[in-house]
$ cat target.cif   # mmCIF, C-alpha atoms; chains and numbers go by the auth columns
data_data
loop_
_atom_site.group_PDB
_atom_site.id
_atom_site.type_symbol
_atom_site.label_atom_id
_atom_site.label_comp_id
_atom_site.label_asym_id
_atom_site.label_seq_id
_atom_site.Cartn_x
_atom_site.Cartn_y
_atom_site.Cartn_z
_atom_site.B_iso_or_equiv
_atom_site.auth_seq_id
_atom_site.auth_asym_id
ATOM 1 C CA MET A 1 -6.941 -32.928 -28.576 0.00 26 A
ATOM 2 C CA ALA A 2 -10.235 -31.563 -27.386 0.00 27 A
ATOM 3 C CA GLN A 3 -13.264 -31.836 -29.606 0.00 28 A
ATOM 4 C CA LYS A 4 -14.258 -29.010 -31.881 0.00 29 A
ATOM 5 C CA SER A 5 -16.895 -26.504 -30.915 0.00 30 A
ATOM 6 C CA ARG A 6 -19.904 -26.212 -33.162 0.00 31 A
ATOM 7 C CA ILE A 7 -20.455 -22.649 -34.262 0.00 32 A
ATOM 8 C CA LYS A 8 -23.137 -20.841 -36.219 0.00 33 A
ATOM 9 C CA ALA A 9 -22.648 -17.168 -36.937 0.00 34 A
ATOM 10 C CA LYS A 10 -25.050 -15.034 -38.894 0.00 35 A
ATOM 11 C CA GLU A 11 -25.284 -11.327 -39.424 0.00 36 A
ATOM 12 C CA LYS A 12 -28.515 -9.541 -40.027 0.00 37 A
ATOM 13 C CA LYS A 13 -28.884 -5.765 -40.294 0.00 38 A
ATOM 14 C CA GLY A 14 -25.666 -4.974 -38.519 0.00 39 A
ATOM 15 C CA ILE A 15 -26.146 -7.425 -35.655 0.00 40 A
ATOM 16 C CA THR A 16 -24.311 -10.716 -35.613 0.00 41 A
ATOM 17 C CA THR A 17 -25.780 -13.585 -33.656 0.00 42 A
ATOM 18 C CA VAL A 18 -23.512 -16.468 -32.737 0.00 43 A
ATOM 19 C CA LYS A 19 -24.621 -19.808 -31.416 0.00 44 A
ATOM 20 C CA ALA A 20 -21.875 -22.037 -30.219 0.00 45 A
ATOM 21 C CA MET A 21 -21.687 -25.358 -28.485 0.00 46 A
ATOM 22 C CA ALA A 22 -18.447 -26.398 -26.888 0.00 47 A
ATOM 23 C CA LYS A 23 -17.858 -30.084 -26.360 0.00 48 A
ATOM 24 C CA HIS A 24 -16.832 -30.574 -22.774 0.00 49 A
ATOM 25 C CA GLU A 25 -17.695 -32.904 -19.923 0.00 50 A
ATOM 26 C CA MET A 26 -17.971 -29.993 -17.526 0.00 51 A
ATOM 27 C CA LEU A 27 -17.450 -32.045 -14.410 0.00 52 A
ATOM 28 C CA SER A 28 -18.295 -30.134 -11.286 0.00 53 A
ATOM 29 C CA TYR A 29 -16.487 -31.000 -8.086 0.00 54 A
ATOM 30 C CA ASP A 30 -19.356 -33.156 -6.839 0.00 55 A
ATOM 31 C CA GLU A 31 -19.731 -35.069 -10.073 0.00 56 A
ATOM 32 C CA ALA A 32 -16.013 -35.609 -10.332 0.00 57 A
ATOM 33 C CA LYS A 33 -15.846 -36.934 -6.788 0.00 58 A
ATOM 34 C CA ARG A 34 -18.556 -39.404 -7.587 0.00 59 A
ATOM 35 C CA LYS A 35 -16.757 -40.564 -10.685 0.00 60 A
ATOM 36 C CA LYS A 36 -13.477 -40.489 -8.832 0.00 61 A
ATOM 37 C CA VAL A 37 -11.728 -38.253 -11.349 0.00 62 A
ATOM 38 C CA GLU A 38 -10.517 -34.696 -11.182 0.00 63 A
ATOM 39 C CA ALA A 39 -13.019 -31.936 -11.648 0.00 64 A
ATOM 40 C CA ASN A 40 -12.605 -30.149 -14.933 0.00 65 A
ATOM 41 C CA PHE A 41 -14.851 -27.574 -16.520 0.00 66 A
ATOM 42 C CA ILE A 42 -14.589 -24.648 -18.862 0.00 67 A
ATOM 43 C CA THR A 43 -13.489 -21.547 -17.012 0.00 68 A
ATOM 44 C CA SER A 44 -13.345 -18.992 -19.765 0.00 69 A
ATOM 45 C CA ILE A 45 -14.771 -18.456 -23.223 0.00 70 A
ATOM 46 C CA ILE A 46 -13.620 -15.746 -25.582 0.00 71 A
ATOM 47 C CA ALA A 47 -14.784 -14.995 -29.079 0.00 72 A
ATOM 48 C CA LYS A 48 -13.072 -12.579 -31.416 0.00 73 A
ATOM 49 C CA VAL A 49 -13.580 -11.110 -34.850 0.00 74 A
ATOM 50 C CA ASP A 50 -10.259 -10.126 -36.365 0.00 75 A
ATOM 51 C CA GLU A 51 -8.388 -9.292 -33.202 0.00 76 A
ATOM 52 C CA GLU A 52 -11.258 -7.683 -31.393 0.00 77 A
ATOM 53 C CA ILE A 53 -13.021 -9.450 -28.549 0.00 78 A
ATOM 54 C CA VAL A 54 -16.753 -9.685 -29.124 0.00 79 A
ATOM 55 C CA TYR A 55 -17.689 -12.000 -26.285 0.00 80 A
ATOM 56 C CA GLU A 56 -16.018 -12.871 -23.066 0.00 81 A
ATOM 57 C CA ALA A 57 -17.241 -15.011 -20.233 0.00 82 A
ATOM 58 C CA SER A 58 -15.683 -16.377 -17.066 0.00 83 A
ATOM 59 C CA THR A 59 -17.634 -19.437 -16.171 0.00 84 A
ATOM 60 C CA SER A 60 -18.110 -21.826 -13.299 0.00 85 A
ATOM 61 C CA GLN A 61 -18.653 -25.525 -12.899 0.00 86 A
ATOM 62 C CA PHE A 62 -22.354 -24.936 -13.261 0.00 87 A
ATOM 63 C CA LEU A 63 -22.648 -24.620 -16.968 0.00 88 A
ATOM 64 C CA SER A 64 -24.308 -27.650 -18.536 0.00 89 A
ATOM 65 C CA LYS A 65 -22.314 -30.419 -20.176 0.00 90 A
ATOM 66 C CA ASP A 66 -21.402 -29.490 -23.750 0.00 91 A
ATOM 67 C CA PRO A 67 -22.248 -25.898 -22.937 0.00 92 A
ATOM 68 C CA PHE A 68 -24.313 -24.001 -25.416 0.00 93 A
ATOM 69 C CA VAL A 69 -24.033 -20.240 -25.544 0.00 94 A
ATOM 70 C CA GLN A 70 -25.520 -17.559 -27.711 0.00 95 A
ATOM 71 C CA PHE A 71 -24.397 -13.974 -27.949 0.00 96 A
ATOM 72 C CA LYS A 72 -24.819 -10.966 -30.193 0.00 97 A
ATOM 73 C CA PHE A 73 -22.731 -8.003 -31.165 0.00 98 A
ATOM 74 C CA LYS A 74 -22.933 -5.028 -33.490 0.00 99 A
ATOM 75 C CA GLY A 75 -20.983 -4.300 -36.579 0.00 100 A
ATOM 76 C CA GLU A 76 -20.694 -5.030 -40.260 0.00 101 A
ATOM 77 C CA ASN A 77 -19.121 -8.413 -39.901 0.00 102 A
ATOM 78 C CA LYS A 78 -20.439 -10.499 -42.758 0.00 103 A
ATOM 79 C CA GLY A 79 -17.671 -12.545 -44.291 0.00 104 A
ATOM 80 C CA LYS A 80 -15.302 -12.087 -41.395 0.00 105 A
ATOM 81 C CA MET A 81 -13.885 -14.936 -39.356 0.00 106 A
ATOM 82 C CA LEU A 82 -15.100 -15.471 -35.842 0.00 107 A
ATOM 83 C CA THR A 83 -12.699 -17.269 -33.519 0.00 108 A
ATOM 84 C CA PHE A 84 -14.217 -19.075 -30.576 0.00 109 A
ATOM 85 C CA THR A 85 -11.888 -20.168 -27.794 0.00 110 A
ATOM 86 C CA TRP A 86 -12.476 -21.836 -24.488 0.00 111 A
ATOM 87 C CA VAL A 87 -10.078 -22.631 -21.682 0.00 112 A
ATOM 88 C CA ASP A 88 -10.761 -25.090 -18.913 0.00 113 A
ATOM 89 C CA PHE A 89 -9.687 -25.574 -15.344 0.00 114 A
ATOM 90 C CA LYS A 90 -6.776 -27.783 -16.260 0.00 115 A
ATOM 91 C CA GLY A 91 -5.488 -25.342 -18.827 0.00 116 A
ATOM 92 C CA ASN A 92 -6.699 -27.184 -21.913 0.00 117 A
ATOM 93 C CA THR A 93 -7.854 -24.936 -24.639 0.00 118 A
ATOM 94 C CA GLN A 94 -9.726 -25.253 -27.903 0.00 119 A
ATOM 95 C CA THR A 95 -10.098 -22.698 -30.638 0.00 120 A
ATOM 96 C CA ASP A 96 -12.388 -22.941 -33.610 0.00 121 A
ATOM 97 C CA LYS A 97 -13.093 -20.569 -36.450 0.00 122 A
ATOM 98 C CA LYS A 98 -16.214 -19.904 -38.408 0.00 123 A
ATOM 99 C CA LYS A 99 -17.023 -17.431 -41.113 0.00 124 A
ATOM 100 C CA ILE A 100 -19.854 -15.066 -40.296 0.00 125 A
ATOM 101 C CA LYS A 101 -22.584 -15.488 -42.880 0.00 126 A
ATOM 102 C CA MET B 1 4.336 -18.877 -17.472 0.00 22 B
ATOM 103 C CA ASN B 2 5.435 -21.490 -15.014 0.00 23 B
ATOM 104 C CA ARG B 3 2.678 -24.058 -14.874 0.00 24 B
ATOM 105 C CA ARG B 4 3.956 -25.464 -11.590 0.00 25 B
ATOM 106 C CA ASN B 5 3.256 -22.188 -9.884 0.00 26 B
ATOM 107 C CA PHE B 6 -0.314 -22.265 -10.997 0.00 27 B
ATOM 108 C CA LEU B 7 -0.823 -25.844 -9.992 0.00 28 B
ATOM 109 C CA SER B 8 0.606 -25.133 -6.597 0.00 29 B
ATOM 110 C CA LEU B 9 -1.871 -22.327 -6.169 0.00 30 B
ATOM 111 C CA GLY B 10 -4.388 -24.987 -6.886 0.00 31 B
ATOM 112 C CA LEU B 11 -6.490 -22.691 -8.946 0.00 32 B
ATOM 113 C CA GLY B 12 -5.756 -23.854 -12.460 0.00 33 B
ATOM 114 C CA LEU B 13 -4.992 -20.427 -13.786 0.00 34 B
ATOM 115 C CA GLY B 14 -3.976 -21.832 -17.130 0.00 35 B
ATOM 116 C CA ALA B 15 -6.215 -19.236 -18.667 0.00 36 B
ATOM 117 C CA ALA B 16 -3.539 -16.686 -17.955 0.00 37 B
ATOM 118 C CA ALA B 17 -1.303 -18.395 -20.465 0.00 38 B
ATOM 119 C CA ILE B 18 -3.389 -16.772 -23.159 0.00 39 B
ATOM 120 C CA MET B 19 -1.979 -13.292 -23.493 0.00 40 B
ATOM 121 C CA LEU B 20 -4.988 -11.119 -22.869 0.00 41 B
ATOM 122 C CA PRO B 21 -3.937 -7.662 -23.984 0.00 42 B
ATOM 123 C CA SER B 22 -4.730 -5.183 -21.290 0.00 43 B
ATOM 124 C CA THR B 23 -5.697 -2.484 -23.764 0.00 44 B
ATOM 125 C CA LEU B 24 -8.930 -4.295 -24.485 0.00 45 B
ATOM 126 C CA SER B 25 -11.412 -4.604 -21.655 0.00 46 B
ATOM 127 C CA ALA B 26 -10.464 -8.252 -21.371 0.00 47 B
ATOM 128 C CA VAL B 27 -10.743 -9.078 -17.747 0.00 48 B
ATOM 129 C CA ASN B 28 -10.500 -12.674 -16.731 0.00 49 B
ATOM 130 C CA PHE B 29 -12.807 -12.696 -13.774 0.00 50 B
ATOM 131 C CA ARG B 30 -11.846 -16.085 -12.535 0.00 51 B
ATOM 132 C CA GLU B 31 -8.411 -14.726 -11.776 0.00 52 B
ATOM 133 C CA THR B 32 -9.192 -11.243 -10.610 0.00 53 B
ATOM 134 C CA LYS B 33 -12.275 -12.158 -8.648 0.00 54 B
ATOM 135 C CA LYS B 34 -11.396 -15.652 -7.487 0.00 55 B
ATOM 136 C CA SER B 35 -13.140 -15.099 -4.209 0.00 56 B
ATOM 137 C CA ALA B 36 -16.444 -14.640 -5.957 0.00 57 B
ATOM 138 C CA PHE B 37 -16.139 -18.004 -7.679 0.00 58 B
ATOM 139 C CA GLU B 38 -14.703 -20.170 -4.936 0.00 59 B
ATOM 140 C CA GLY B 39 -14.162 -20.077 -1.230 0.00 60 B
ATOM 141 C CA PRO B 40 -16.169 -18.980 1.771 0.00 61 B
ATOM 142 C CA LYS B 41 -17.653 -15.902 0.115 0.00 62 B
ATOM 143 C CA SER B 42 -18.985 -17.700 -2.895 0.00 63 B
ATOM 144 C CA HIS B 43 -21.880 -19.570 -1.384 0.00 64 B
ATOM 145 C CA THR B 44 -24.652 -17.065 -1.086 0.00 65 B
ATOM 146 C CA ILE B 45 -25.682 -14.781 -3.887 0.00 66 B
ATOM 147 C CA ASN B 46 -25.184 -11.645 -1.788 0.00 67 B
ATOM 148 C CA ASP B 47 -21.657 -12.585 -0.762 0.00 68 B
ATOM 149 C CA ALA B 48 -20.597 -13.556 -4.257 0.00 69 B
ATOM 150 C CA MET B 49 -22.116 -10.396 -5.689 0.00 70 B
ATOM 151 C CA THR B 50 -20.269 -8.282 -3.146 0.00 71 B
ATOM 152 C CA GLU B 51 -17.022 -10.072 -3.946 0.00 72 B
ATOM 153 C CA LEU B 52 -17.531 -9.452 -7.634 0.00 73 B
ATOM 154 C CA PHE B 53 -19.006 -5.970 -7.734 0.00 74 B
ATOM 155 C CA GLY B 54 -18.367 -4.542 -4.305 0.00 75 B
ATOM 156 C CA THR B 55 -22.016 -4.377 -3.416 0.00 76 B
ATOM 157 C CA SER B 56 -25.107 -6.539 -3.434 0.00 77 B
ATOM 158 C CA THR B 57 -27.582 -3.708 -3.772 0.00 78 B
ATOM 159 C CA THR B 58 -29.350 -3.808 -7.081 0.00 79 B
ATOM 160 C CA ILE B 59 -32.242 -2.105 -8.783 0.00 80 B
ATOM 161 C CA GLU B 60 -34.692 -4.586 -10.168 0.00 81 B
ATOM 162 C CA LYS B 61 -35.296 -3.183 -13.583 0.00 82 B
ATOM 163 C CA ASN B 62 -33.839 -2.824 -17.052 0.00 83 B
ATOM 164 C CA VAL B 63 -32.767 -6.435 -17.128 0.00 84 B
ATOM 165 C CA LYS B 64 -34.739 -9.241 -18.687 0.00 85 B
ATOM 166 C CA LEU B 65 -34.125 -12.755 -17.515 0.00 86 B
ATOM 167 C CA LYS B 66 -35.860 -15.588 -19.278 0.00 87 B
ATOM 168 C CA ALA B 67 -35.806 -18.947 -17.597 0.00 88 B
ATOM 169 C CA PRO B 68 -38.233 -21.840 -17.515 0.00 89 B
ATOM 170 C CA ASP B 69 -40.718 -21.979 -14.653 0.00 90 B
ATOM 171 C CA ILE B 70 -40.111 -25.685 -14.377 0.00 91 B
ATOM 172 C CA ALA B 71 -36.939 -27.406 -15.489 0.00 92 B
ATOM 173 C CA GLU B 72 -37.539 -31.062 -16.158 0.00 93 B
ATOM 174 C CA ASN B 73 -33.846 -31.674 -16.321 0.00 94 B
ATOM 175 C CA GLY B 74 -31.763 -29.721 -13.855 0.00 95 B
ATOM 176 C CA ALA B 75 -28.655 -30.546 -15.834 0.00 96 B
ATOM 177 C CA VAL B 76 -29.736 -28.272 -18.634 0.00 97 B
ATOM 178 C CA VAL B 77 -31.600 -25.139 -17.647 0.00 98 B
ATOM 179 C CA PRO B 78 -31.702 -22.661 -20.526 0.00 99 B
ATOM 180 C CA LEU B 79 -31.386 -19.000 -19.597 0.00 100 B
ATOM 181 C CA GLN B 80 -31.521 -15.809 -21.555 0.00 101 B
ATOM 182 C CA VAL B 81 -30.306 -12.490 -20.191 0.00 102 B
ATOM 183 C CA SER B 82 -30.917 -9.310 -22.090 0.00 103 B
ATOM 184 C CA SER B 83 -30.768 -5.640 -21.354 0.00 104 B
ATOM 185 C CA LYS B 84 -30.760 -2.378 -23.237 0.00 105 B
ATOM 186 C CA LEU B 85 -28.336 -0.897 -20.752 0.00 106 B
ATOM 187 C CA ALA B 86 -24.842 0.011 -21.825 0.00 107 B
ATOM 188 C CA GLY B 87 -23.573 -2.260 -19.118 0.00 108 B
ATOM 189 C CA LYS B 88 -19.984 -3.346 -18.975 0.00 109 B
ATOM 190 C CA THR B 89 -20.421 -6.497 -16.992 0.00 110 B
ATOM 191 C CA VAL B 90 -23.157 -9.068 -16.668 0.00 111 B
ATOM 192 C CA ALA B 91 -23.182 -11.757 -14.011 0.00 112 B
ATOM 193 C CA ILE B 92 -25.433 -14.707 -13.404 0.00 113 B
ATOM 194 C CA PHE B 93 -26.013 -16.136 -9.927 0.00 114 B
ATOM 195 C CA GLN B 94 -28.198 -18.863 -8.557 0.00 115 B
ATOM 196 C CA ASP B 95 -28.799 -20.196 -5.106 0.00 116 B
ATOM 197 C CA ALA B 96 -29.372 -23.871 -5.834 0.00 117 B
ATOM 198 C CA ASN B 97 -25.725 -24.904 -6.056 0.00 118 B
ATOM 199 C CA PRO B 98 -22.860 -24.779 -3.541 0.00 119 B
ATOM 200 C CA GLU B 99 -21.260 -21.791 -5.248 0.00 120 B
ATOM 201 C CA SER B 100 -23.599 -19.132 -6.426 0.00 121 B
ATOM 202 C CA LEU B 101 -21.704 -17.405 -9.238 0.00 122 B
ATOM 203 C CA VAL B 102 -22.320 -19.146 -12.551 0.00 123 B
ATOM 204 C CA ALA B 103 -20.825 -16.864 -15.149 0.00 124 B
ATOM 205 C CA VAL B 104 -19.571 -13.349 -15.690 0.00 125 B
ATOM 206 C CA PHE B 105 -19.598 -11.708 -19.094 0.00 126 B
ATOM 207 C CA THR B 106 -17.510 -8.706 -20.015 0.00 127 B
ATOM 208 C CA VAL B 107 -19.429 -6.703 -22.568 0.00 128 B
ATOM 209 C CA PRO B 108 -17.089 -5.465 -25.269 0.00 129 B
ATOM 210 C CA ALA B 109 -17.446 -2.185 -27.130 0.00 130 B
ATOM 211 C CA ASN B 110 -19.695 -3.633 -29.817 0.00 131 B
ATOM 212 C CA GLY B 111 -21.430 -6.027 -27.546 0.00 132 B
ATOM 213 C CA ILE B 112 -25.129 -6.328 -27.060 0.00 133 B
ATOM 214 C CA ILE B 113 -26.422 -7.665 -23.805 0.00 134 B
ATOM 215 C CA ASP B 114 -28.352 -10.632 -25.074 0.00 135 B
ATOM 216 C CA TYR B 115 -26.884 -13.877 -23.926 0.00 136 B
ATOM 217 C CA LYS B 116 -28.171 -17.398 -23.830 0.00 137 B
ATOM 218 C CA LEU B 117 -26.576 -20.146 -21.875 0.00 138 B
ATOM 219 C CA ARG B 118 -27.464 -23.439 -20.266 0.00 139 B
ATOM 220 C CA ILE B 119 -26.688 -24.088 -16.646 0.00 140 B
ATOM 221 C CA LYS B 120 -26.982 -26.845 -14.088 0.00 141 B
ATOM 222 C CA MET B 121 -29.152 -26.505 -11.035 0.00 142 B
ATOM 223 C CA ALA B 122 -29.010 -29.096 -8.315 0.00 143 B
ATOM 224 C CA LYS B 123 -32.462 -28.238 -7.032 0.00 144 B
ATOM 225 C CA THR B 124 -35.187 -25.646 -7.205 0.00 145 B
ATOM 226 C CA GLY B 125 -33.747 -22.199 -6.831 0.00 146 B
ATOM 227 C CA THR B 126 -33.650 -18.615 -7.942 0.00 147 B
ATOM 228 C CA VAL B 127 -31.516 -17.395 -10.795 0.00 148 B
ATOM 229 C CA THR B 128 -30.404 -13.774 -10.661 0.00 149 B
ATOM 230 C CA ALA B 129 -28.906 -11.856 -13.535 0.00 150 B
ATOM 231 C CA VAL B 130 -27.042 -8.654 -12.730 0.00 151 B
ATOM 232 C CA VAL B 131 -25.927 -5.971 -15.151 0.00 152 B
ATOM 233 C CA GLN B 132 -23.381 -3.449 -14.024 0.00 153 B
ATOM 234 C CA ASP B 133 -23.830 -0.058 -15.625 0.00 154 B
ATOM 235 C CA GLY B 134 -21.396 2.471 -14.253 0.00 155 B
ATOM 236 C CA ASP B 135 -21.670 2.146 -10.490 0.00 156 B
ATOM 237 C CA THR B 136 -25.147 0.780 -10.422 0.00 157 B
ATOM 238 C CA LEU B 137 -26.238 -2.811 -10.459 0.00 158 B
ATOM 239 C CA PHE B 138 -29.492 -3.715 -12.154 0.00 159 B
ATOM 240 C CA SER B 139 -30.939 -7.134 -11.760 0.00 160 B
ATOM 241 C CA SER B 140 -33.712 -9.524 -12.446 0.00 161 B
ATOM 242 C CA SER B 141 -34.481 -12.786 -10.696 0.00 162 B
ATOM 243 C CA LYS B 142 -36.549 -15.790 -11.558 0.00 163 B
ATOM 244 C CA MET B 143 -37.388 -18.873 -9.608 0.00 164 B
ATOM 245 C CA VAL B 144 -36.840 -22.125 -11.447 0.00 165 B
ATOM 246 C CA LYS B 145 -38.381 -25.329 -10.159 0.00 166 B
ATOM 247 C CA VAL B 146 -36.212 -28.326 -10.807 0.00 167 B
ATOM 248 C CA THR B 147 -37.811 -31.716 -10.881 0.00 168 B
ATOM 249 C CA ALA B 148 -34.682 -33.776 -11.466 0.00 169 B
ATOM 250 C CA GLY B 149 -31.496 -32.471 -9.883 0.00 170 B
ATOM 251 C CA GLY B 150 -28.714 -31.303 -12.155 0.00 171 B
ATOM 252 C CA CYS B 151 -25.434 -32.053 -10.457 0.00 172 B
ATOM 253 C CA GLY B 152 -25.619 -35.712 -11.282 0.00 173 B
ATOM 254 C CA GLY B 153 -28.771 -36.332 -9.219 0.00 174 B
#
$ encode --input "target.cif" --output "structure tokens"
Amino acid sequence: MAQKSRIKAKEKKGITTVKAMAKHEMLSYDEAKRKKVEANFITSIIAKVDEEIVYEASTSQFLSKDPFVQFKFKGENKGKMLTFTWVDFKGNTQTDKKKIK
Amino acid sequence: MNRRNFLSLGLGLGAAAIMLPSTLSAVNFRETKKSAFEGPKSHTINDAMTELFGTSTTIEKNVKLKAPDIAENGAVVPLQVSSKLAGKTVAIFQDANPESLVAVFTVPANGIIDYKLRIKMAKTGTVTAVVQDGDTLFSSSKMVKVTAGGCGG
């Protein structure tokens, strides 16, 4: 089971700011070769509020280890649940939820 | 979805197992624009940009890219991309690593283009952020000096 992502979500004046840190080795091909294991890194991150996507990124092996991301979106979202999901190269996935303050 | 098929393609398209409804503008770029992320056309920024957007011509305005002048630790280079444009897609490239496309964001209906992320840079290089607004690409570039390489040294 992958480790949980750390999420902070706050809304101020109709704009919600989310800071999230996913826990992931993020091994690029070079690093993996050196460690003699398979490369594995997050390939996609999606965040939703209710069923609507508020953030979506396709990512490469070049995000830092335990990637930190921040994003913002509009709307009256205080009190709603934000779901933060990432998928990696091998198909592992991790979803975490956090209430928007 | 048959996992074996994906493994045999060697591209780890496990992301497709998540049912991304096509009614939302949920485009998984790693699948649809594989060639921008990996392969012969992914090395230089211009090639990867052309693979992703169809062109590498950009207008250098309306996009703000914040990056450190000097990154002590190439493994963690903090970036911030922001723009007031009503862009639909934002992409980040850099020329210090073997493949130049770092990330692509799809901006949803309520989205604001103001993203922070941390990337790895193997050596000193230029980071370019591109925002696609309609048919036009707007960009901003910044050179980041890396004192200690980021892909494991």
$ interface_residues --input "target.cif" --of "chain B" --to "chain A" --cutoff "6 Å" --atoms "only C-alpha atoms" --output "count of residues only"
23
$ atom_distance --input "target.cif" --atom1 "CA of Met106 in chain A" --atom2 "CA of Ala34 in chain A"
9.4 Å
$ atom_distance --input "target.cif" --atom1 "CA of Ala47 in chain A" --atom2 "CA of Arg31 in chain A"
6.4 Å
$ atom_distance --input "target.cif" --atom1 "CA of Met51 in chain A" --atom2 "CA of Ala64 in chain A"
7.9 Å
$ resolve_selection --input "target.cif" --expression "the PyMOL selection byres ((chain B and resi 119) around 12)" --output "ChimeraX atom specification"
/A:53-55,85-87 /B:58-66,69,114-118,120-123,141-144,146,172
$ write_last_selection --input "target.cif" --atoms "C-alpha atoms" --output "PDB file, keeping the file's coordinate frame"
ATOM      1  CA  SER A  53     -18.295 -30.134 -11.286  1.00  0.00           C
ATOM      2  CA  TYR A  54     -16.487 -31.000  -8.086  1.00  0.00           C
ATOM      3  CA  ASP A  55     -19.356 -33.156  -6.839  1.00  0.00           C
ATOM      4  CA  SER A  85     -18.110 -21.826 -13.299  1.00  0.00           C
ATOM      5  CA  GLN A  86     -18.653 -25.525 -12.899  1.00  0.00           C
ATOM      6  CA  PHE A  87     -22.354 -24.936 -13.261  1.00  0.00           C
TER       7      PHE A  87
ATOM      8  CA  PHE B  58     -16.139 -18.004  -7.679  1.00  0.00           C
ATOM      9  CA  GLU B  59     -14.703 -20.170  -4.936  1.00  0.00           C
ATOM     10  CA  GLY B  60     -14.162 -20.077  -1.230  1.00  0.00           C
ATOM     11  CA  PRO B  61     -16.169 -18.980   1.771  1.00  0.00           C
ATOM     12  CA  LYS B  62     -17.653 -15.902   0.115  1.00  0.00           C
ATOM     13  CA  SER B  63     -18.985 -17.700  -2.895  1.00  0.00           C
ATOM     14  CA  HIS B  64     -21.880 -19.570  -1.384  1.00  0.00           C
ATOM     15  CA  THR B  65     -24.652 -17.065  -1.086  1.00  0.00           C
ATOM     16  CA  ILE B  66     -25.682 -14.781  -3.887  1.00  0.00           C
ATOM     17  CA  ALA B  69     -20.597 -13.556  -4.257  1.00  0.00           C
ATOM     18  CA  PHE B 114     -26.013 -16.136  -9.927  1.00  0.00           C
ATOM     19  CA  GLN B 115     -28.198 -18.863  -8.557  1.00  0.00           C
ATOM     20  CA  ASP B 116     -28.799 -20.196  -5.106  1.00  0.00           C
ATOM     21  CA  ALA B 117     -29.372 -23.871  -5.834  1.00  0.00           C
ATOM     22  CA  ASN B 118     -25.725 -24.904  -6.056  1.00  0.00           C
ATOM     23  CA  GLU B 120     -21.260 -21.791  -5.248  1.00  0.00           C
ATOM     24  CA  SER B 121     -23.599 -19.132  -6.426  1.00  0.00           C
ATOM     25  CA  LEU B 122     -21.704 -17.405  -9.238  1.00  0.00           C
ATOM     26  CA  VAL B 123     -22.320 -19.146 -12.551  1.00  0.00           C
ATOM     27  CA  LYS B 141     -26.982 -26.845 -14.088  1.00  0.00           C
ATOM     28  CA  MET B 142     -29.152 -26.505 -11.035  1.00  0.00           C
ATOM     29  CA  ALA B 143     -29.010 -29.096  -8.315  1.00  0.00           C
ATOM     30  CA  LYS B 144     -32.462 -28.238  -7.032  1.00  0.00           C
ATOM     31  CA  GLY B 146     -33.747 -22.199  -6.831  1.00  0.00           C
ATOM     32  CA  CYS B 172     -25.434 -32.053 -10.457  1.00  0.00           C
TER      33      CYS B 172
END
